[in-house]
Amino acid sequence: MAKIQSLSQAVAENVRDGDTVAMEGFTHLIPYAAGHEVIRQGKKDLFLIRMTPDILYDQLIGVGAARGMKFSWGGNPGVGSLHRFRDAVENQWPRPLAIEEHSHAAMANAYEAGAANLPFAMLRGYIGADLPKVNPNIKSITCPFTGEVLAAVPAIRPDVTIIHALRADRKGNVLLEGIVGVQKEAVLAAKRSIVTVEEIVDELKPSSPNSVVLPTWAVTAVAAVPGGAFPSYAQGYYKRSNAFYIAWDEIARDRDSFQAWIDEHVMKAGPEDFAKNTGKAA
């Protein structure tokens, strides 16, 4: 059953140096507060997994927490490059970063395979693409029934998956709705999971057609962190801060300004500081 605890406790108990860590959320419900707690606790040598690494992974890479990353697209959405990611790849600062690039379809299928406890995923993909030339983890397999040649990639099985969700009940059942991305599959594929939520309620009452409920037995830890997805958005709670994504381009472009921002807004802050960004959205 999921343990309801503070974010600091959840990260201390479930994120270990050297772990493979997935922090998922597609534009919506990106787990920024949890990622900051990982940085504050000085976790290191992490292998990061995320379909669309953006600012949060730029921060983790920039502080030297990551040894490598598996991904399918990396950038500051609507703005441009991730400068800390780019600095690590091009200049090995603050440390070298191994990268493994896939397509979105391959990543989604790999999470699905991991959730099903299968060793690999197969898909109709990579036809005419160059990624198989540079990624040895993209292989082909022949269907024993039709003879069709399909792409195959290893299943994703994180040591720990971290997501942000809207609500959890007091038993630790978790509600996701809106854009849900691959959060469900990422949690089910992982050995351990941490879910931060906007609030803990007596009853979930899912209301939308695409609501997803993660049962308490599938989740390791739940922590209430209002505003914990900011500057991304949480449906019904707060909007995306487009201004912050624009501002990040200048903050992250320079090593000194990046380090000063991390010191002020991460190392000298805490999960409670995210609450100021909440306020029910219309």
# chains A, B, ... in the order shown; residues from 1 in each chain; ligands from 1

$ select_by_dssp --residues "region 26-255 of chain A" --states "alpha helix (DSSP H)" --output "JSON, numbers by chain"
{"A": [32, 33, 34, 35, 36, 37, 38, 39, 40, 55, 56, 57, 58, 59, 60, 61, 62, 83, 84, 85, 86, 87, 88, 89, 90, 91, 104, 105, 106, 107, 108, 109, 110, 111, 112, 113, 114, 115, 131, 132, 133, 134, 183, 184, 185, 186, 187, 188, 189, 242, 243, 244, 245, 246, 247, 248, 249, 250, 251, 252, 253, 255]}

$ write_last_selection --atoms "C-alpha atoms" --output "PDB file, in the first residue's frame"
ATOM      1  CA  TYR A  32       9.158  19.914 -10.579  1.00  0.00           C
ATOM      2  CA  ALA A  33       8.925  19.947  -6.778  1.00  0.00           C
ATOM      3  CA  ALA A  34      10.042  16.328  -6.572  1.00  0.00           C
ATOM      4  CA  GLY A  35      12.897  16.958  -8.992  1.00  0.00           C
ATOM      5  CA  HIS A  36      14.062  19.862  -6.843  1.00  0.00           C
ATOM      6  CA  GLU A  37      14.007  17.640  -3.776  1.00  0.00           C
ATOM      7  CA  VAL A  38      16.233  15.146  -5.603  1.00  0.00           C
ATOM      8  CA  ILE A  39      18.693  17.998  -6.259  1.00  0.00           C
ATOM      9  CA  ARG A  40      18.541  19.242  -2.649  1.00  0.00           C
ATOM     10  CA  ILE A  55      13.526  22.423 -17.998  1.00  0.00           C
ATOM     11  CA  LEU A  56      13.402  19.993 -15.072  1.00  0.00           C
ATOM     12  CA  TYR A  57      15.965  17.678 -16.633  1.00  0.00           C
ATOM     13  CA  ASP A  58      18.034  20.690 -17.713  1.00  0.00           C
ATOM     14  CA  GLN A  59      18.261  21.504 -14.002  1.00  0.00           C
ATOM     15  CA  LEU A  60      19.173  17.958 -12.946  1.00  0.00           C
ATOM     16  CA  ILE A  61      21.816  17.720 -15.672  1.00  0.00           C
ATOM     17  CA  GLY A  62      23.187  21.173 -14.849  1.00  0.00           C
ATOM     18  CA  HIS A  83      21.540  24.949 -22.549  1.00  0.00           C
ATOM     19  CA  ARG A  84      22.636  22.810 -19.588  1.00  0.00           C
ATOM     20  CA  PHE A  85      21.873  19.635 -21.523  1.00  0.00           C
ATOM     21  CA  ARG A  86      23.750  20.966 -24.517  1.00  0.00           C
ATOM     22  CA  ASP A  87      26.734  22.056 -22.388  1.00  0.00           C
ATOM     23  CA  ALA A  88      26.971  18.568 -20.887  1.00  0.00           C
ATOM     24  CA  VAL A  89      26.929  16.846 -24.292  1.00  0.00           C
ATOM     25  CA  GLU A  90      29.215  19.289 -26.096  1.00  0.00           C
ATOM     26  CA  ASN A  91      31.613  20.278 -23.311  1.00  0.00           C
ATOM     27  CA  HIS A 104       8.219   8.924 -29.088  1.00  0.00           C
ATOM     28  CA  ALA A 105       6.527   5.732 -30.275  1.00  0.00           C
ATOM     29  CA  ALA A 106       9.443   3.566 -29.157  1.00  0.00           C
ATOM     30  CA  MET A 107       9.564   5.194 -25.702  1.00  0.00           C
ATOM     31  CA  ALA A 108       5.818   4.804 -25.180  1.00  0.00           C
ATOM     32  CA  ASN A 109       5.933   1.170 -26.275  1.00  0.00           C
ATOM     33  CA  ALA A 110       8.974   0.514 -24.071  1.00  0.00           C
ATOM     34  CA  TYR A 111       7.128   1.849 -21.021  1.00  0.00           C
ATOM     35  CA  GLU A 112       4.151  -0.327 -21.938  1.00  0.00           C
ATOM     36  CA  ALA A 113       6.410  -3.379 -22.167  1.00  0.00           C
ATOM     37  CA  GLY A 114       7.965  -2.562 -18.819  1.00  0.00           C
ATOM     38  CA  ALA A 115       4.522  -2.225 -17.233  1.00  0.00           C
ATOM     39  CA  LEU A 131      18.544   6.508 -35.280  1.00  0.00           C
ATOM     40  CA  PRO A 132      19.249   2.729 -35.559  1.00  0.00           C
ATOM     41  CA  LYS A 133      22.666   3.645 -36.999  1.00  0.00           C
ATOM     42  CA  VAL A 134      23.682   5.431 -33.777  1.00  0.00           C
ATOM     43  CA  GLN A 183       2.507   8.424 -16.303  1.00  0.00           C
ATOM     44  CA  LYS A 184       0.438   5.303 -15.654  1.00  0.00           C
ATOM     45  CA  GLU A 185       2.774   3.039 -17.616  1.00  0.00           C
ATOM     46  CA  ALA A 186       5.879   4.639 -16.091  1.00  0.00           C
ATOM     47  CA  VAL A 187       4.619   3.970 -12.558  1.00  0.00           C
ATOM     48  CA  LEU A 188       3.566   0.395 -13.323  1.00  0.00           C
ATOM     49  CA  ALA A 189       6.935  -0.318 -14.969  1.00  0.00           C
ATOM     50  CA  ASN A 242       4.863  30.479 -20.314  1.00  0.00           C
ATOM     51  CA  ALA A 243       6.842  33.439 -18.978  1.00  0.00           C
ATOM     52  CA  PHE A 244       9.065  31.157 -16.920  1.00  0.00           C
ATOM     53  CA  TYR A 245       9.876  28.939 -19.903  1.00  0.00           C
ATOM     54  CA  ILE A 246      10.929  32.060 -21.825  1.00  0.00           C
ATOM     55  CA  ALA A 247      12.959  33.354 -18.881  1.00  0.00           C
ATOM     56  CA  TRP A 248      14.723  30.013 -18.473  1.00  0.00           C
ATOM     57  CA  ASP A 249      16.459  30.469 -21.816  1.00  0.00           C
ATOM     58  CA  GLU A 250      18.549  33.322 -20.390  1.00  0.00           C
ATOM     59  CA  ILE A 251      18.915  31.839 -16.905  1.00  0.00           C
ATOM     60  CA  ALA A 252      20.323  28.550 -18.217  1.00  0.00           C
ATOM     61  CA  ARG A 253      22.428  29.989 -21.030  1.00  0.00           C
ATOM     62  CA  ARG A 255      26.750  28.662 -16.052  1.00  0.00           C
TER      63      ARG A 255
END

$ atom_distance --atom1 "CA of Val201 (chain A)" --atom2 "CA of Pro231 (chain A)"
23.5 Å

$ select_by_dssp --residues "region 51-252 of chain A" --states "strand (DSSP E or B)" --output "ChimeraX atom specification"
/A:66-71,76,80,98-101,120-123,139-142,149-154,160-169,174-176,192-201,212-214,221-224,233-234,238

$ closest_atom_pairs --of "region 142-187 of chain A" --to "region 10-23 of chain A" --cutoff "6 Å" --atoms "only C-alpha atoms" --output "tab-separated table"
residue	atom	partner	partner_atom	distance
A:Pro158	CA	A:Thr20	CA	5.2
A:Asp159	CA	A:Thr20	CA	5.2
A:Val160	CA	A:Val21	CA	5.2
A:Thr161	CA	A:Ala22	CA	4.6
A:Ile162	CA	A:Met23	CA	4.7
A:Ile163	CA	A:Met23	CA	5.8

$ atom_distance --atom1 "CA of Gln41 (chain A)" --atom2 "CA of Met267 (chain A)"
9.0 Å

$ closest_residue --among "A:Asn135, A:Gln9, A:Thr196, A:Thr52" --to "Arg167 (chain A)" --atoms "only C-alpha atoms"
A:Thr196

$ closest_residue --among "A:Met51, A:Ala121, A:Cys143, A:Ile262" --to "Phe26 (chain A)" --atoms "only C-alpha atoms"
A:Met51

$ residues_around --residues "Ile200 (chain A)" --least-positions-apart "4" --cutoff "7 Å" --atoms "only C-alpha atoms" --output "count of residues only"
5

$ closest_residue --among "A:Val149, A:Ile179, A:Val174, A:Ile49" --to "Ala66 (chain A)" --atoms "only C-alpha atoms"
A:Ile49

$ residues_around --residues "Leu176 (chain A)" --least-positions-apart "4" --cutoff "12 Å" --atoms "only C-alpha atoms" --output "MDAnalysis selection string"
chainID A and resid 25 28:29 163:168 180:184 195:198 204:215 234:236

$ write_last_selection --atoms "N, CA and C atoms" --output "tab-separated table (two decimals), in the first residue's frame"
chain	number	residue	atom	x	y	z
A	25	GLY	N	5.53	13.31	-17.44
A	25	GLY	CA	4.52	14.36	-17.47
A	25	GLY	C	4.66	15.06	-18.80
A	28	HIS	N	1.80	18.75	-19.08
A	28	HIS	CA	0.91	18.77	-17.92
A	28	HIS	C	1.52	17.93	-16.79
A	29	LEU	N	1.44	18.43	-15.56
A	29	LEU	CA	1.80	17.64	-14.38
A	29	LEU	C	3.26	17.17	-14.37
A	163	ILE	N	6.10	11.04	-10.51
A	163	ILE	CA	5.11	11.82	-11.27
A	163	ILE	C	4.39	12.77	-10.33
A	164	HIS	N	3.69	13.74	-10.91
A	164	HIS	CA	2.79	14.61	-10.17
A	164	HIS	C	1.37	14.30	-10.64
A	165	ALA	N	0.43	14.28	-9.73
A	165	ALA	CA	-0.97	14.00	-10.07
A	165	ALA	C	-1.86	15.04	-9.40
A	166	LEU	N	-3.15	14.95	-9.68
A	166	LEU	CA	-4.07	15.95	-9.15
A	166	LEU	C	-4.44	15.68	-7.69
A	167	ARG	N	-4.92	14.46	-7.43
A	167	ARG	CA	-5.39	14.16	-6.07
A	167	ARG	C	-5.07	12.72	-5.69
A	168	ALA	N	-5.01	12.48	-4.39
A	168	ALA	CA	-4.94	11.13	-3.85
A	168	ALA	C	-5.92	11.06	-2.70
A	180	VAL	N	-2.65	12.80	-19.79
A	180	VAL	CA	-2.04	11.85	-18.85
A	180	VAL	C	-0.74	11.24	-19.36
A	181	GLY	N	-0.40	11.47	-20.61
A	181	GLY	CA	0.89	11.01	-21.11
A	181	GLY	C	1.13	9.54	-20.84
A	182	VAL	N	2.35	9.22	-20.37
A	182	VAL	CA	2.70	7.83	-20.06
A	182	VAL	C	2.90	7.64	-18.56
A	183	GLN	N	2.30	8.52	-17.75
A	183	GLN	CA	2.51	8.42	-16.30
A	183	GLN	C	2.08	7.07	-15.74
A	184	LYS	N	0.92	6.59	-16.16
A	184	LYS	CA	0.44	5.30	-15.65
A	184	LYS	C	1.44	4.19	-15.96
A	195	VAL	N	4.61	9.72	-5.96
A	195	VAL	CA	3.59	10.56	-6.60
A	195	VAL	C	3.35	11.77	-5.71
A	196	THR	N	3.63	12.96	-6.22
A	196	THR	CA	3.22	14.18	-5.53
A	196	THR	C	1.85	14.57	-6.05
A	197	VAL	N	1.03	15.15	-5.19
A	197	VAL	CA	-0.34	15.51	-5.58
A	197	VAL	C	-0.67	16.91	-5.09
A	198	GLU	N	-1.65	17.51	-5.75
A	198	GLU	CA	-2.11	18.83	-5.33
A	198	GLU	C	-2.80	18.78	-3.96
A	204	LEU	N	-12.01	10.30	-4.30
A	204	LEU	CA	-11.46	10.83	-5.55
A	204	LEU	C	-12.53	11.36	-6.50
A	205	LYS	N	-13.62	10.65	-6.66
A	205	LYS	CA	-14.69	11.07	-7.56
A	205	LYS	C	-14.17	11.45	-8.93
A	206	PRO	N	-13.58	10.54	-9.70
A	206	PRO	CA	-13.13	10.90	-11.05
A	206	PRO	C	-14.29	11.39	-11.90
A	207	SER	N	-14.05	12.47	-12.64
A	207	SER	CA	-15.16	13.14	-13.32
A	207	SER	C	-15.03	13.20	-14.83
A	208	SER	N	-13.85	12.94	-15.38
A	208	SER	CA	-13.70	13.10	-16.82
A	208	SER	C	-13.56	11.74	-17.51
A	209	PRO	N	-13.89	11.68	-18.80
A	209	PRO	CA	-13.85	10.38	-19.51
A	209	PRO	C	-12.46	9.73	-19.53
A	210	ASN	N	-11.40	10.55	-19.45
A	210	ASN	CA	-10.06	9.95	-19.52
A	210	ASN	C	-9.39	9.90	-18.15
A	211	SER	N	-10.16	9.87	-17.09
A	211	SER	CA	-9.58	9.75	-15.75
A	211	SER	C	-8.83	8.43	-15.61
A	212	VAL	N	-7.71	8.49	-14.93
A	212	VAL	CA	-6.91	7.31	-14.63
A	212	VAL	C	-6.71	7.25	-13.13
A	213	VAL	N	-7.00	6.11	-12.52
A	213	VAL	CA	-6.75	5.93	-11.09
A	213	VAL	C	-5.67	4.88	-10.91
A	214	LEU	N	-4.58	5.28	-10.28
A	214	LEU	CA	-3.53	4.35	-9.91
A	214	LEU	C	-3.87	3.82	-8.53
A	215	PRO	N	-4.07	2.51	-8.39
A	215	PRO	CA	-4.45	1.96	-7.09
A	215	PRO	C	-3.30	2.03	-6.09
A	234	ALA	N	-1.39	22.23	-13.84
A	234	ALA	CA	-2.20	21.15	-13.27
A	234	ALA	C	-3.66	21.50	-13.56
A	235	GLN	N	-4.30	20.67	-14.35
A	235	GLN	CA	-5.66	20.97	-14.79
A	235	GLN	C	-6.59	21.26	-13.62
A	236	GLY	N	-7.25	22.43	-13.68
A	236	GLY	CA	-8.17	22.82	-12.64
A	236	GLY	C	-7.54	23.49	-11.45

$ residues_around --residues "Val222 (chain A)" --least-positions-apart "5" --cutoff "7 Å" --atoms "only C-alpha atoms" --output "MDAnalysis selection string"
chainID A and resid 2:5 172 194:196

$ atom_distance --atom1 "CA of Ser72 (chain A)" --atom2 "CA of Gln259 (chain A)"
26.6 Å

$ closest_residue --among "A:Asn117, A:Asn173, A:Ser257, A:Ser232" --to "Glu203 (chain A)" --atoms "only C-alpha atoms"
A:Asn173
